[in-house]
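K.L.:
Sharing entry-v9.txt, compact mmCIF, C-alpha atoms and all ligand atoms:
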```
# COMPACT_ATOMS: atom_id res chain seq x y z
CA MET Z 1 2.92 87.30 -15.55
CA ASP Z 2 2.08 83.71 -16.34
CA ALA Z 3 -0.51 84.46 -18.99
CA ILE Z 4 -0.79 85.88 -22.51
CA ARG Z 5 -3.49 88.35 -23.49
CA ILE Z 6 -4.40 88.09 -27.18
CA TYR Z 7 -6.49 90.46 -29.28
CA GLY Z 8 -7.70 88.38 -32.22
CA GLY Z 9 -8.37 89.34 -35.80
CA HIS Z 10 -4.97 90.56 -37.03
CA CYS Z 11 -3.40 88.97 -40.08
CA LEU Z 12 0.25 87.95 -39.81
CA ASP Z 13 2.90 89.36 -42.09
CA GLY Z 14 6.68 89.06 -42.01
CA GLN Z 15 9.44 86.62 -41.19
CA THR Z 16 10.35 84.54 -38.16
CA SER Z 17 13.44 82.38 -37.68
CA ILE Z 18 12.79 78.87 -36.48
CA GLN Z 19 14.72 78.01 -33.32
CA GLY Z 20 16.81 74.88 -32.82
CA SER Z 21 14.92 71.69 -32.05
CA LYS Z 22 13.98 71.01 -28.43
CA ASN Z 23 13.59 67.28 -28.91
CA ALA Z 24 16.96 67.05 -30.67
CA SER Z 25 18.93 69.23 -28.26
CA LEU Z 26 17.76 67.46 -25.07
CA PRO Z 27 19.13 63.96 -25.85
CA ILE Z 28 22.25 65.51 -27.42
CA LEU Z 29 22.88 67.45 -24.21
CA ALA Z 30 22.35 64.23 -22.25
CA ALA Z 31 24.92 62.57 -24.53
CA THR Z 32 27.57 65.21 -23.79
CA LEU Z 33 27.99 63.78 -20.30
CA MET Z 34 29.40 60.60 -21.83
CA ILE Z 35 32.27 62.55 -23.36
CA ASN Z 36 35.42 63.45 -21.48
CA GLY Z 37 36.13 66.98 -22.73
CA VAL Z 38 34.30 70.07 -23.94
CA CYS Z 39 31.44 69.69 -26.43
CA GLU Z 40 30.04 72.76 -28.10
CA ILE Z 41 26.37 72.61 -29.03
CA GLU Z 42 25.20 75.40 -31.31
CA ASN Z 43 21.64 76.52 -32.04
CA CYS Z 44 20.39 75.23 -28.70
CA PRO Z 45 16.97 76.81 -28.09
CA GLU Z 46 16.67 79.17 -25.11
CA ILE Z 47 13.69 77.45 -23.53
CA SER Z 48 13.00 76.23 -20.02
CA ASP Z 49 13.39 72.51 -20.87
CA VAL Z 50 16.96 73.17 -22.03
CA TYR Z 51 17.57 75.24 -18.90
CA HIS Z 52 16.45 72.27 -16.76
CA MET Z 53 18.64 69.85 -18.70
CA LEU Z 54 21.66 72.13 -18.21
CA ARG Z 55 20.89 72.31 -14.47
CA LEU Z 56 20.80 68.54 -14.34
CA LEU Z 57 24.16 68.33 -16.09
CA GLU Z 58 25.62 70.84 -13.62
CA SER Z 59 24.25 68.90 -10.69
CA LEU Z 60 26.15 65.88 -12.01
CA GLY Z 61 29.43 67.81 -11.98
CA CYS Z 62 29.56 69.00 -15.61
CA ARG Z 63 30.79 72.54 -16.28
CA VAL Z 64 28.20 74.32 -18.38
CA GLU Z 65 28.64 77.65 -20.14
CA ARG Z 66 25.90 79.28 -22.15
CA ASP Z 67 26.36 82.08 -24.61
CA GLY Z 68 22.93 82.62 -26.20
CA PRO Z 69 22.22 79.65 -28.45
CA CYS Z 70 25.71 78.19 -27.97
CA VAL Z 71 26.21 75.83 -25.04
CA ARG Z 72 29.53 74.34 -23.92
CA VAL Z 73 29.48 71.28 -21.71
CA ASP Z 74 32.61 69.93 -20.07
CA ALA Z 75 31.83 66.55 -18.55
CA GLY Z 76 35.45 65.98 -17.46
CA GLY Z 77 34.57 66.44 -13.79
CA LEU Z 78 31.48 64.25 -13.78
CA ALA Z 79 30.58 62.96 -10.32
CA VAL Z 80 27.65 60.79 -9.34
CA CYS Z 81 25.28 62.61 -7.06
CA ASP Z 82 21.60 63.33 -6.68
CA MET Z 83 19.85 65.14 -9.46
CA PRO Z 84 17.56 68.02 -8.49
CA SER Z 85 14.15 66.38 -8.39
CA ASP Z 86 12.39 69.58 -9.49
CA SER Z 87 14.23 69.42 -12.83
CA VAL Z 88 13.76 65.65 -13.23
CA GLY Z 89 10.13 66.10 -12.27
CA VAL Z 90 9.23 68.70 -14.89
CA MET Z 91 10.88 67.12 -17.86
CA ARG Z 92 10.23 63.80 -19.52
CA SER Z 93 13.54 63.75 -21.37
CA SER Z 94 15.53 63.60 -18.12
CA VAL Z 95 15.01 59.85 -18.57
CA THR Z 96 17.58 59.87 -21.39
CA LEU Z 97 20.20 60.63 -18.76
CA THR Z 98 19.77 57.01 -17.64
CA GLY Z 99 21.44 55.49 -20.69
CA ALA Z 100 24.17 58.13 -20.70
CA LEU Z 101 24.95 57.80 -16.99
CA LEU Z 102 24.96 54.02 -17.06
CA ALA Z 103 27.42 54.20 -19.92
CA ARG Z 104 29.69 56.70 -18.16
CA THR Z 105 29.46 55.71 -14.49
CA GLY Z 106 27.57 52.41 -14.30
CA SER Z 107 24.93 53.72 -11.94
CA VAL Z 108 21.98 56.07 -11.79
CA CYS Z 109 19.17 56.74 -9.32
CA MET Z 110 16.34 59.07 -10.21
CA GLU Z 111 12.73 59.87 -9.61
CA TYR Z 112 10.35 58.95 -12.39
CA PRO Z 113 10.55 61.73 -14.96
CA GLY Z 114 7.75 64.21 -15.49
CA GLY Z 115 6.78 66.08 -18.65
CA CYS Z 116 3.48 67.00 -20.21
CA VAL Z 117 0.38 65.46 -18.69
CA ILE Z 118 -0.67 63.91 -21.99
CA GLY Z 119 -0.78 60.31 -20.87
CA ALA Z 120 0.57 57.84 -18.33
CA ARG Z 121 4.00 57.88 -19.98
CA PRO Z 122 5.58 54.88 -18.24
CA ILE Z 123 9.26 53.97 -18.75
CA ASP Z 124 8.85 50.19 -18.72
CA LEU Z 125 10.25 49.82 -22.25
CA HIS Z 126 13.39 51.75 -21.30
CA LEU Z 127 14.02 49.70 -18.15
CA ASN Z 128 13.21 46.29 -19.67
CA ALA Z 129 15.58 46.83 -22.59
CA LEU Z 130 18.34 48.13 -20.31
CA ARG Z 131 17.98 44.94 -18.23
CA GLN Z 132 18.78 42.98 -21.40
CA MET Z 133 22.04 44.94 -21.61
CA GLY Z 134 23.07 43.72 -18.17
CA VAL Z 135 21.54 46.45 -16.01
CA THR Z 136 20.00 45.67 -12.62
CA VAL Z 137 17.03 47.89 -11.93
CA GLU Z 138 15.39 48.34 -8.56
CA GLU Z 139 12.12 50.23 -8.66
CA ARG Z 140 11.00 51.93 -5.50
CA ASP Z 141 8.29 54.41 -4.63
CA GLY Z 142 8.47 57.27 -7.09
CA GLY Z 143 11.75 56.30 -8.73
CA PHE Z 144 14.37 53.70 -9.56
CA CYS Z 145 18.06 52.83 -9.16
CA ALA Z 146 19.91 51.16 -12.03
CA ARG Z 147 23.40 49.66 -11.92
CA VAL Z 148 25.72 47.79 -14.25
CA SER Z 149 29.38 46.83 -14.08
CA ARG Z 150 29.76 46.85 -17.89
CA LEU Z 151 26.96 47.38 -20.41
CA HIS Z 152 26.87 44.71 -23.11
CA GLY Z 153 25.22 44.75 -26.50
CA ALA Z 154 21.98 42.84 -27.10
CA VAL Z 155 19.28 42.33 -29.70
CA LEU Z 156 16.55 44.57 -28.35
CA LYS Z 157 13.12 43.79 -29.78
CA LEU Z 158 10.73 46.47 -28.59
CA PRO Z 159 6.97 45.86 -28.42
CA PHE Z 160 6.29 49.16 -30.23
CA VAL Z 161 8.08 52.29 -31.40
CA SER Z 162 9.13 54.73 -28.69
CA VAL Z 163 11.20 57.85 -29.29
CA GLY Z 164 12.60 58.19 -25.77
CA THR Z 165 13.38 54.49 -25.47
CA THR Z 166 15.25 54.48 -28.78
CA GLU Z 167 17.33 57.47 -27.62
CA ASN Z 168 18.10 55.96 -24.24
CA LEU Z 169 19.17 52.67 -25.76
CA ILE Z 170 21.34 54.37 -28.38
CA LEU Z 171 23.15 56.18 -25.56
CA ALA Z 172 23.59 52.97 -23.59
CA ALA Z 173 24.80 51.07 -26.66
CA VAL Z 174 27.39 53.38 -28.23
CA THR Z 175 30.09 52.48 -25.71
CA ALA Z 176 28.74 49.05 -24.66
CA GLU Z 177 30.69 45.89 -25.28
CA GLY Z 178 29.76 44.34 -28.64
CA GLU Z 179 26.84 44.94 -30.94
CA THR Z 180 23.34 46.19 -30.15
CA VAL Z 181 20.34 45.98 -32.44
CA ILE Z 182 17.30 48.16 -31.71
CA GLU Z 183 14.11 47.16 -33.50
CA PRO Z 184 11.69 48.74 -34.16
CA ALA Z 185 13.65 51.97 -33.71
CA ALA Z 186 11.95 55.35 -33.88
CA ARG Z 187 12.76 57.20 -37.12
CA GLU Z 188 12.10 60.75 -35.95
CA PRO Z 189 14.52 63.39 -37.34
CA GLU Z 190 15.55 64.12 -33.73
CA ILE Z 191 16.85 60.54 -33.44
CA GLN Z 192 18.78 61.07 -36.65
CA ALA Z 193 20.27 64.26 -35.15
CA LEU Z 194 21.34 62.34 -32.05
CA CYS Z 195 22.95 59.66 -34.25
CA ASP Z 196 24.71 62.36 -36.31
CA PHE Z 197 26.09 63.94 -33.13
CA LEU Z 198 27.28 60.59 -31.73
CA SER Z 199 28.76 59.47 -35.06
CA LEU Z 200 30.74 62.71 -35.25
CA ALA Z 201 32.00 61.89 -31.74
CA GLY Z 202 33.20 58.49 -32.95
CA ALA Z 203 30.19 56.20 -32.41
CA ARG Z 204 29.52 53.43 -34.94
CA ILE Z 205 25.83 53.51 -35.81
CA THR Z 206 24.15 52.18 -38.94
CA GLY Z 207 20.50 52.41 -39.93
CA SER Z 208 19.89 55.94 -38.65
CA GLY Z 209 16.51 57.09 -39.95
CA THR Z 210 15.31 53.51 -40.45
CA GLY Z 211 13.37 51.17 -38.17
CA ARG Z 212 16.47 49.07 -37.39
CA LEU Z 213 19.56 50.48 -35.73
CA VAL Z 214 22.77 48.52 -35.41
CA ILE Z 215 25.34 49.93 -33.02
CA ARG Z 216 28.89 48.63 -32.54
CA GLY Z 217 30.27 49.70 -29.18
CA VAL Z 218 33.42 51.84 -29.19
CA THR Z 219 35.72 52.40 -26.22
CA ALA Z 220 35.27 56.17 -25.95
CA LEU Z 221 33.69 59.19 -27.62
CA ARG Z 222 35.58 62.37 -28.40
CA PRO Z 223 34.49 66.01 -27.85
CA VAL Z 224 32.83 67.67 -30.85
CA ARG Z 225 31.10 70.81 -32.00
CA PHE Z 226 27.58 70.22 -33.33
CA ARG Z 227 24.75 72.39 -34.64
CA VAL Z 228 21.21 71.42 -33.61
CA PRO Z 229 18.82 71.37 -36.59
CA ALA Z 230 15.73 73.60 -36.69
CA ASP Z 231 12.59 72.57 -34.82
CA ARG Z 232 9.97 71.07 -37.15
CA ILE Z 233 7.30 71.32 -34.44
CA VAL Z 234 7.95 75.03 -33.85
CA ALA Z 235 7.86 75.57 -37.64
CA GLY Z 236 4.53 73.72 -37.71
CA THR Z 237 3.26 75.89 -34.87
CA TYR Z 238 3.94 79.15 -36.74
CA LEU Z 239 2.43 77.60 -39.87
CA CYS Z 240 -0.73 76.93 -37.84
CA ALA Z 241 -0.65 80.43 -36.35
CA CYS Z 242 -0.61 81.81 -39.90
CA MET Z 243 -3.43 79.49 -40.96
CA CYS Z 244 -5.49 80.67 -37.97
CA ALA Z 245 -4.80 84.39 -38.34
CA GLY Z 246 -4.46 84.59 -42.11
CA GLY Z 247 -1.67 86.52 -43.85
CA ARG Z 248 1.75 85.57 -45.18
CA VAL Z 249 4.77 84.47 -43.19
CA PHE Z 250 8.27 83.32 -44.11
CA LEU Z 251 9.47 80.59 -41.75
CA LYS Z 252 13.23 80.95 -42.03
CA ASP Z 253 15.15 77.66 -41.68
CA ALA Z 254 11.94 75.61 -41.40
CA PRO Z 255 12.97 72.00 -42.14
CA ALA Z 256 10.42 71.34 -44.91
CA ASP Z 257 11.90 67.91 -45.73
CA GLN Z 258 10.94 66.74 -42.20
CA MET Z 259 7.41 68.13 -42.46
CA GLU Z 260 5.85 66.25 -45.41
CA SER Z 261 2.75 64.95 -43.60
CA VAL Z 262 2.16 68.34 -41.98
CA LEU Z 263 2.60 70.33 -45.18
CA ASP Z 264 0.30 67.93 -47.08
CA CYS Z 265 -2.37 68.48 -44.47
CA ALA Z 266 -1.90 72.26 -44.46
CA ALA Z 267 -2.12 72.35 -48.27
CA ARG Z 268 -5.28 70.23 -48.12
CA MET Z 269 -6.74 72.84 -45.80
CA GLY Z 270 -6.00 75.60 -48.26
CA ALA Z 271 -2.70 77.04 -46.99
CA GLY Z 272 -0.34 78.29 -49.67
CA ILE Z 273 3.09 76.69 -49.24
CA VAL Z 274 6.20 77.57 -51.19
CA ARG Z 275 9.42 75.73 -50.41
CA GLU Z 276 12.45 77.97 -50.69
CA SER Z 277 16.09 77.05 -50.19
CA ASP Z 278 16.23 78.69 -46.74
CA GLY Z 279 12.73 78.14 -45.44
CA LEU Z 280 9.02 78.04 -46.13
CA LEU Z 281 6.73 80.79 -47.34
CA VAL Z 282 3.22 80.15 -46.05
CA THR Z 283 -0.05 81.91 -46.75
CA GLY Z 284 -3.13 81.40 -44.60
CA ARG Z 285 -6.51 81.58 -46.36
CA GLU Z 286 -9.37 83.63 -45.04
CA HIS Z 287 -11.71 80.64 -45.19
CA GLY Z 288 -9.94 77.31 -44.80
CA TRP Z 289 -11.02 73.91 -46.05
CA SER Z 290 -11.63 70.84 -43.95
CA CYS Z 291 -8.65 68.86 -42.63
CA GLY Z 292 -10.58 65.68 -43.48
CA ARG Z 293 -9.28 63.07 -41.08
CA ILE Z 294 -5.90 63.47 -39.40
CA VAL Z 295 -4.37 60.37 -37.80
CA THR Z 296 -1.30 60.88 -35.63
CA GLY Z 297 1.52 58.34 -35.61
CA CYS Z 298 5.25 57.77 -35.48
CA TYR Z 299 7.42 59.62 -37.97
CA PRO Z 300 6.93 59.99 -40.92
CA ALA Z 301 3.20 59.96 -40.07
CA PHE Z 302 1.46 63.09 -38.78
CA PRO Z 303 3.17 64.17 -35.50
CA THR Z 304 1.17 63.98 -32.30
CA ASP Z 305 2.92 67.20 -31.20
CA LEU Z 306 1.01 69.15 -33.88
CA GLN Z 307 -2.34 67.48 -33.34
CA SER Z 308 -3.77 70.13 -31.02
CA LEU Z 309 -2.47 72.91 -33.27
CA PHE Z 310 -4.32 71.47 -36.26
CA MET Z 311 -7.38 71.07 -34.07
CA ALA Z 312 -7.15 74.81 -33.40
CA VAL Z 313 -6.82 75.53 -37.13
CA THR Z 314 -9.79 73.27 -37.90
CA ALA Z 315 -11.94 74.93 -35.23
CA ALA Z 316 -10.89 78.37 -36.48
CA SER Z 317 -11.62 77.50 -40.11
CA GLY Z 318 -15.30 76.87 -39.38
CA GLN Z 319 -15.01 73.55 -41.25
CA ALA Z 320 -15.73 70.07 -39.95
CA GLY Z 321 -12.86 67.65 -39.37
CA GLU Z 322 -11.80 64.50 -37.52
CA ILE Z 323 -8.60 64.00 -35.60
CA GLN Z 324 -7.48 60.63 -34.31
CA GLU Z 325 -4.74 60.44 -31.68
CA THR Z 326 -2.90 57.12 -31.62
CA VAL Z 327 0.26 57.93 -29.62
CA PHE Z 328 -0.84 59.41 -26.28
CA GLU Z 329 -4.09 58.56 -24.55
CA ASN Z 330 -4.69 61.94 -22.95
CA ARG Z 331 -3.86 64.44 -25.62
CA PHE Z 332 -7.24 66.07 -26.06
CA ARG Z 333 -6.94 68.34 -23.06
CA ILE Z 334 -7.54 71.47 -25.11
CA VAL Z 335 -10.99 70.32 -26.19
CA PRO Z 336 -12.88 71.87 -23.22
CA GLU Z 337 -10.82 75.06 -23.66
CA LEU Z 338 -11.63 75.32 -27.39
CA ARG Z 339 -15.29 74.71 -26.53
CA ARG Z 340 -15.09 77.70 -24.18
CA MET Z 341 -14.02 79.71 -27.23
CA GLY Z 342 -17.08 78.59 -29.18
CA ALA Z 343 -15.86 75.42 -30.89
CA ASP Z 344 -18.16 72.42 -31.11
CA ILE Z 345 -16.01 69.30 -30.60
CA THR Z 346 -17.17 65.82 -29.62
CA LEU Z 347 -14.81 63.20 -28.27
CA ARG Z 348 -15.37 59.52 -28.96
CA GLY Z 349 -12.53 57.31 -27.78
CA SER Z 350 -9.36 58.38 -29.56
CA VAL Z 351 -11.18 60.54 -32.13
CA ALA Z 352 -12.16 64.21 -31.84
CA TYR Z 353 -14.94 65.34 -34.18
CA VAL Z 354 -14.84 69.07 -34.89
CA LYS Z 355 -18.17 70.37 -36.13
CA GLY Z 356 -18.22 73.02 -38.84
CA GLY Z 357 -20.09 76.31 -38.84
CA CYS Z 358 -18.77 77.67 -35.52
CA ARG Z 359 -16.92 80.93 -34.99
CA LEU Z 360 -14.33 81.32 -32.26
CA HIS Z 361 -14.50 84.15 -29.75
CA GLY Z 362 -11.86 85.23 -27.24
CA ALA Z 363 -12.09 83.65 -23.76
CA THR Z 364 -9.91 82.93 -20.75
CA VAL Z 365 -8.52 79.47 -21.36
CA GLU Z 366 -5.95 77.37 -19.56
CA ALA Z 367 -2.81 75.89 -21.10
CA GLN Z 368 -2.37 72.43 -19.57
CA GLU Z 369 0.60 71.26 -21.56
CA LEU Z 370 3.18 72.61 -24.00
CA ARG Z 371 1.70 72.12 -27.48
CA GLY Z 372 -1.89 72.47 -26.34
CA GLY Z 373 -0.93 75.83 -24.84
CA ALA Z 374 0.57 77.01 -28.14
CA ALA Z 375 -2.58 75.77 -29.90
CA LEU Z 376 -4.75 77.96 -27.65
CA VAL Z 377 -2.60 80.98 -28.56
CA ALA Z 378 -3.04 80.15 -32.27
CA ALA Z 379 -6.80 79.74 -31.84
CA SER Z 380 -7.00 83.07 -30.01
CA LEU Z 381 -5.34 84.82 -32.96
CA ALA Z 382 -8.33 83.77 -35.05
CA ALA Z 383 -10.97 84.57 -32.43
CA GLU Z 384 -13.24 87.55 -32.34
CA GLY Z 385 -12.35 89.87 -29.46
CA ALA Z 386 -9.77 89.46 -26.72
CA GLY Z 387 -8.82 86.32 -24.86
CA THR Z 388 -6.28 85.14 -22.31
CA VAL Z 389 -4.22 81.95 -22.22
CA THR Z 390 -3.11 81.18 -18.66
CA ASN Z 391 -0.23 78.94 -17.52
CA ARG Z 392 2.22 80.39 -20.00
CA HIS Z 393 5.06 78.48 -18.34
CA TYR Z 394 3.97 75.34 -20.18
CA ILE Z 395 4.44 77.13 -23.49
CA ASP Z 396 7.85 78.47 -22.43
CA ARG Z 397 9.06 74.88 -22.09
CA GLY Z 398 9.30 74.70 -25.86
CA TYR Z 399 9.09 78.18 -27.45
CA GLU Z 400 11.80 80.81 -27.11
CA ASP Z 401 9.46 83.79 -26.87
CA ILE Z 402 6.15 83.14 -28.53
CA VAL Z 403 4.76 86.57 -27.61
CA GLN Z 404 7.66 88.49 -29.13
CA SER Z 405 7.82 86.28 -32.24
CA LEU Z 406 4.11 86.70 -32.96
CA ARG Z 407 4.24 90.43 -32.26
CA GLU Z 408 7.02 90.76 -34.82
CA LEU Z 409 4.65 89.10 -37.27
CA GLY Z 410 1.95 91.68 -36.57
CA ALA Z 411 -0.20 89.84 -34.03
CA ASP Z 412 -1.62 91.86 -31.15
CA LEU Z 413 -0.73 90.12 -27.89
CA GLU Z 414 1.10 90.84 -24.64
CA PRO Z 415 2.26 89.15 -21.45
CA ALA Z 416 -0.44 89.35 -18.76
C1 LIG Z 501 8.83 62.03 -27.49
C2 LIG Z 501 8.82 63.53 -27.62
C3 LIG Z 501 7.40 64.06 -27.63
C4 LIG Z 501 6.60 63.36 -28.72
C5 LIG Z 501 6.73 61.85 -28.60
C6 LIG Z 501 6.06 61.10 -29.74
C7 LIG Z 501 10.85 64.31 -26.55
C8 LIG Z 501 11.48 65.01 -25.41
N1 LIG Z 501 9.53 64.11 -26.50
O1 LIG Z 501 8.24 61.69 -26.24
O2 LIG Z 501 7.45 65.46 -27.91
O3 LIG Z 501 5.24 63.72 -28.59
O4 LIG Z 501 8.11 61.45 -28.57
O5 LIG Z 501 6.56 61.54 -30.96
O6 LIG Z 501 11.50 63.95 -27.52
N2 LIG Z 501 5.57 54.32 -23.74
C9 LIG Z 501 5.38 53.27 -22.85
N3 LIG Z 501 6.47 52.80 -22.15
C10 LIG Z 501 7.71 53.35 -22.28
C11 LIG Z 501 7.89 54.44 -23.19
C12 LIG Z 501 6.80 54.90 -23.90
O7 LIG Z 501 4.29 52.74 -22.71
O8 LIG Z 501 8.65 52.90 -21.61
C13 LIG Z 501 4.41 54.83 -24.51
C14 LIG Z 501 4.05 56.27 -24.16
O9 LIG Z 501 3.25 56.34 -23.01
C15 LIG Z 501 3.35 56.72 -25.42
C16 LIG Z 501 4.09 55.96 -26.52
O10 LIG Z 501 4.77 54.91 -25.87
O11 LIG Z 501 2.00 56.34 -25.40
C17 LIG Z 501 5.09 56.78 -27.31
O12 LIG Z 501 5.95 57.43 -26.40
P1 LIG Z 501 7.44 57.87 -26.81
O13 LIG Z 501 7.63 57.71 -28.27
O14 LIG Z 501 8.37 57.15 -25.90
O15 LIG Z 501 7.42 59.42 -26.47
P2 LIG Z 501 8.43 60.24 -25.62
O16 LIG Z 501 9.83 59.79 -25.90
O17 LIG Z 501 7.97 60.29 -24.21
```
When written as structure tokens, how does the structure in this file appear?
Ligand code: UD1
P.N.:
Amino acid sequence: MDAIRIYGGHCLDGQTSIQGSKNASLPILAATLMINGVCEIENCPEISDVYHMLRLLESLGCRVERDGPCVRVDAGGLAVCDMPSDSVGVMRSSVTLTGALLARTGSVCMEYPGGCVIGARPIDLHLNALRQMGVTVEERDGGFCARVSRLHGAVLKLPFVSVGTTENLILAAVTAEGETVIEPAAREPEIQALCDFLSLAGARITGSGTGRLVIRGVTALRPVRFRVPADRIVAGTYLCACMCAGGRVFLKDAPADQMESVLDCAARMGAGIVRESDGLLVTGREHGWSCGRIVTGCYPAFPTDLQSLFMAVTAASGQAGEIQETVFENRFRIVPELRRMGADITLRGSVAYVKGGCRLHGATVEAQELRGGAALVAASLAAEGAGTVTNRHYIDRGYEDIVQSLRELGADLEPA
């Protein structure tokens, strides 16, 4: 049952609650291993990436208890040992364990992390900056070992903005000796959530949400209880599903204030968007308008994680549009799949040109990564006839139960 069968042509109607953020909960869970005591993380999404992170924490000697969306991590018994390579291998964010482990134990060996196949995704920025904090890194075939007797603060000038690098360096810096400056720092809301968690635990961080972070090392962090904010990318996904299928959906807890570029684009394409105190009410139009040109970038620009979903909406709308990807070099993997469904898309360098006037029909298409997989499900909702999206496990990395959630909204789909 690693596929989803979708019968297109049903409007959505109803309400769905937006799960906690994947990209916020993963670095926060990594951070719990720096804390001697029990941390309670609420609103943790029940997705396979979180499952793998919890397995990694257990393999390091943490006691992990999960009660639905509430996770308790006790890192009191932390021991240095090998991490299961299957969990490191599937998940890019396992790299954030580097900063946390160096801070707590002074040493870490791991295979190069995996994740979606959307680009080369090297970790040179992470390792180079850690070296400036006193870390010795030995790279060997397929992995690396990093060691430090005591991390020290440094002025870390990065060549460009990287979300994962910023997170890793924050973790390394919060208990390092002296002051660390990270510039340019990523400004993503998930970084702000990590800083909020660490500050609650006693870290001294200024500049959260800006391009320059200044961190004063403290001797230790204390256990805390923290609630993970809602996932702006999941909210954007259900917005796109509604734009593809038509209808009216209330996205409960959707973090509208983190979604400005996405909501602007959706409104430009004809979606009705009403901001309410506890979420977003969205209406998909029967015939959408063009997206114009979308250019992905670092927050607050349009998120690369929603690029393929908006490509699906554009293809489904029958309008022409251009989408430029500037973050990952290989993030157009759904183009051949959308073509199989009847879309006419031309790729030239980093720009995808979607031609107007096409209608989508159901087809068997292959999810090749997380967001692209969700985009194929959204496109299939708009298609004429039935279609199948294979490789569902990619989608399960980031969505709690996309089949059930869409069924509750009136879509006709089932596991296959
Ligand atoms: C994170 C998110 C991912 C999102 C991305 C960009 C998580 C778990 N993942 O990924 O969903 O799409 O931010 O918003 O939070 N790079 C290097 N060397 C490095 C590090 C990065 O060349 O050492 C490059 C990458 O290949 C990429 C670009 O920098 O082209 C941005 O990557 P980065 O911001 O680090 O993304 P991730 O943290 O991997």
K.L.:
Give me, as a list of chain:residue names, all polymer residues having an atom no more than 7 Å from region 361-373 of chain Z, counting all atoms listed in the file and skipping those fewer than 4 positions away in the same chain.
P.N.:
Z:Cys116, Z:Val117, Z:Asp305, Z:Ser308, Z:Leu309, Z:Ile334, Z:Glu337, Z:Arg340, Z:Met341, Z:Gly342, Z:Val377, Z:Ser380, Z:Ala383, Z:Glu384, Z:Gly385, Z:Ala386, Z:Gly387, Z:Thr388, Z:Val389, Z:Thr390, Z:Asn391, Z:Arg392, Z:Tyr394, Z:Ile395, Z:Arg397, Z:Gly398
K.L.:
Residues near region 344-347 of chain Z, anyone? I mean within 8 Å using all atoms listed in the file, not counting same-chain ones fewer than 5 positions away, as a PyMOL selection string.
P.N.:
chain Z and resi 315+335+339+352-356+358
K.L.:
Please dump the current selection as a PDB file, in the frame of the given file; keep C-alpha atoms.
P.N.:
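This went into selection.pdb:
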```
ATOM      1  CA  ALA Z 315     -11.940  74.930 -35.230  1.00  0.00           C
ATOM      2  CA  VAL Z 335     -10.990  70.320 -26.190  1.00  0.00           C
ATOM      3  CA  ARG Z 339     -15.290  74.710 -26.530  1.00  0.00           C
ATOM      4  CA  ALA Z 352     -12.160  64.210 -31.840  1.00  0.00           C
ATOM      5  CA  TYR Z 353     -14.940  65.340 -34.180  1.00  0.00           C
ATOM      6  CA  VAL Z 354     -14.840  69.070 -34.890  1.00  0.00           C
ATOM      7  CA  LYS Z 355     -18.170  70.370 -36.130  1.00  0.00           C
ATOM      8  CA  GLY Z 356     -18.220  73.020 -38.840  1.00  0.00           C
ATOM      9  CA  CYS Z 358     -18.770  77.670 -35.520  1.00  0.00           C
TER      10      CYS Z 358
END
```
K.L.:
Between CA of Ala382 (chain Z) and CA of Glu325 (chain Z), measure the distance and give it in Å to one decimal.
P.N.:
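Straight-line distance from CA of Ala382 (chain Z) to CA of Glu325 (chain Z) works out to 23.8 Å.
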K.L.:
Measuring between all atoms listed in the file, which one of Z:Met110, Z:Leu306, Z:Ala100, Z:Met269 shows the shortest distance to ligand LIG 501 (chain Z)?
P.N.:
Z:Leu306
K.L.:
Skipping near chain neighbours, those fewer than 4 positions away, what residues fall within 8 Å of Gly164 (chain Z) using all atoms listed in the file, listed as a PDB file with C-alpha atoms, keeping the file's coordinate frame?
P.N.:
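Result file selection.pdb:
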```pdb
ATOM      1  CA  SER Z  93      13.540  63.750 -21.370  1.00  0.00           C
ATOM      2  CA  VAL Z  95      15.010  59.850 -18.570  1.00  0.00           C
ATOM      3  CA  THR Z  96      17.580  59.870 -21.390  1.00  0.00           C
ATOM      4  CA  HIS Z 126      13.390  51.750 -21.300  1.00  0.00           C
ATOM      5  CA  ASN Z 168      18.100  55.960 -24.240  1.00  0.00           C
TER       6      ASN Z 168
END
```
K.L.:
Around ligand LIG 501 (chain Z), out to 9 Å and counting only C-alpha atoms and all ligand atoms, which residues are there? I want them as a PyMOL selection string.
P.N.:
chain Z and resi 22-24+26-27+49+91-96+115-116+118-128+160-167+186+188+190-191+233+297-299+303-306+326-329+371
K.L.:
Have a look at Z:Cys265, Z:Val274, Z:Leu57, Z:Ala374 and name the one nearest to Val234 (chain Z); count all atoms listed in the file.
P.N.:
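Checking each candidate against Val234 (chain Z), we get Z:Ala374 as the closest.
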K.L.:
Could you give me, as an MDAnalysis selection string, the residues that have an atom at most 12 Å away from the point (13.1, 64.4, -42.4) in the coordinates of the file, using only C-alpha atoms?
P.N.:
chainID Z and resid 187:193 208:210 229:232 254:262 299:301
K.L.:
Taking 3 positions as the minimum chain separation for residues in the same chain, which residues sit within 6 Å of region 13-20 of chain Z when counting all atoms listed in the file? Answer as a VMD selection string.
P.N.:
chain Z and resid 43 to 45 228 to 231 247 to 254 409
K.L.:
Can you write just those residues out, C-alpha atoms, as a compact mmCIF listing (two decimals), in the coordinates of the input?
P.N.:
```
# COMPACT_ATOMS: atom_id res chain seq x y z
CA ASN Z 43 21.64 76.52 -32.04
CA CYS Z 44 20.39 75.23 -28.70
CA PRO Z 45 16.97 76.81 -28.09
CA VAL Z 228 21.21 71.42 -33.61
CA PRO Z 229 18.82 71.37 -36.59
CA ALA Z 230 15.73 73.60 -36.69
CA ASP Z 231 12.59 72.57 -34.82
CA GLY Z 247 -1.67 86.52 -43.85
CA ARG Z 248 1.75 85.57 -45.18
CA VAL Z 249 4.77 84.47 -43.19
CA PHE Z 250 8.27 83.32 -44.11
CA LEU Z 251 9.47 80.59 -41.75
CA LYS Z 252 13.23 80.95 -42.03
CA ASP Z 253 15.15 77.66 -41.68
CA ALA Z 254 11.94 75.61 -41.40
CA LEU Z 409 4.65 89.10 -37.27
```
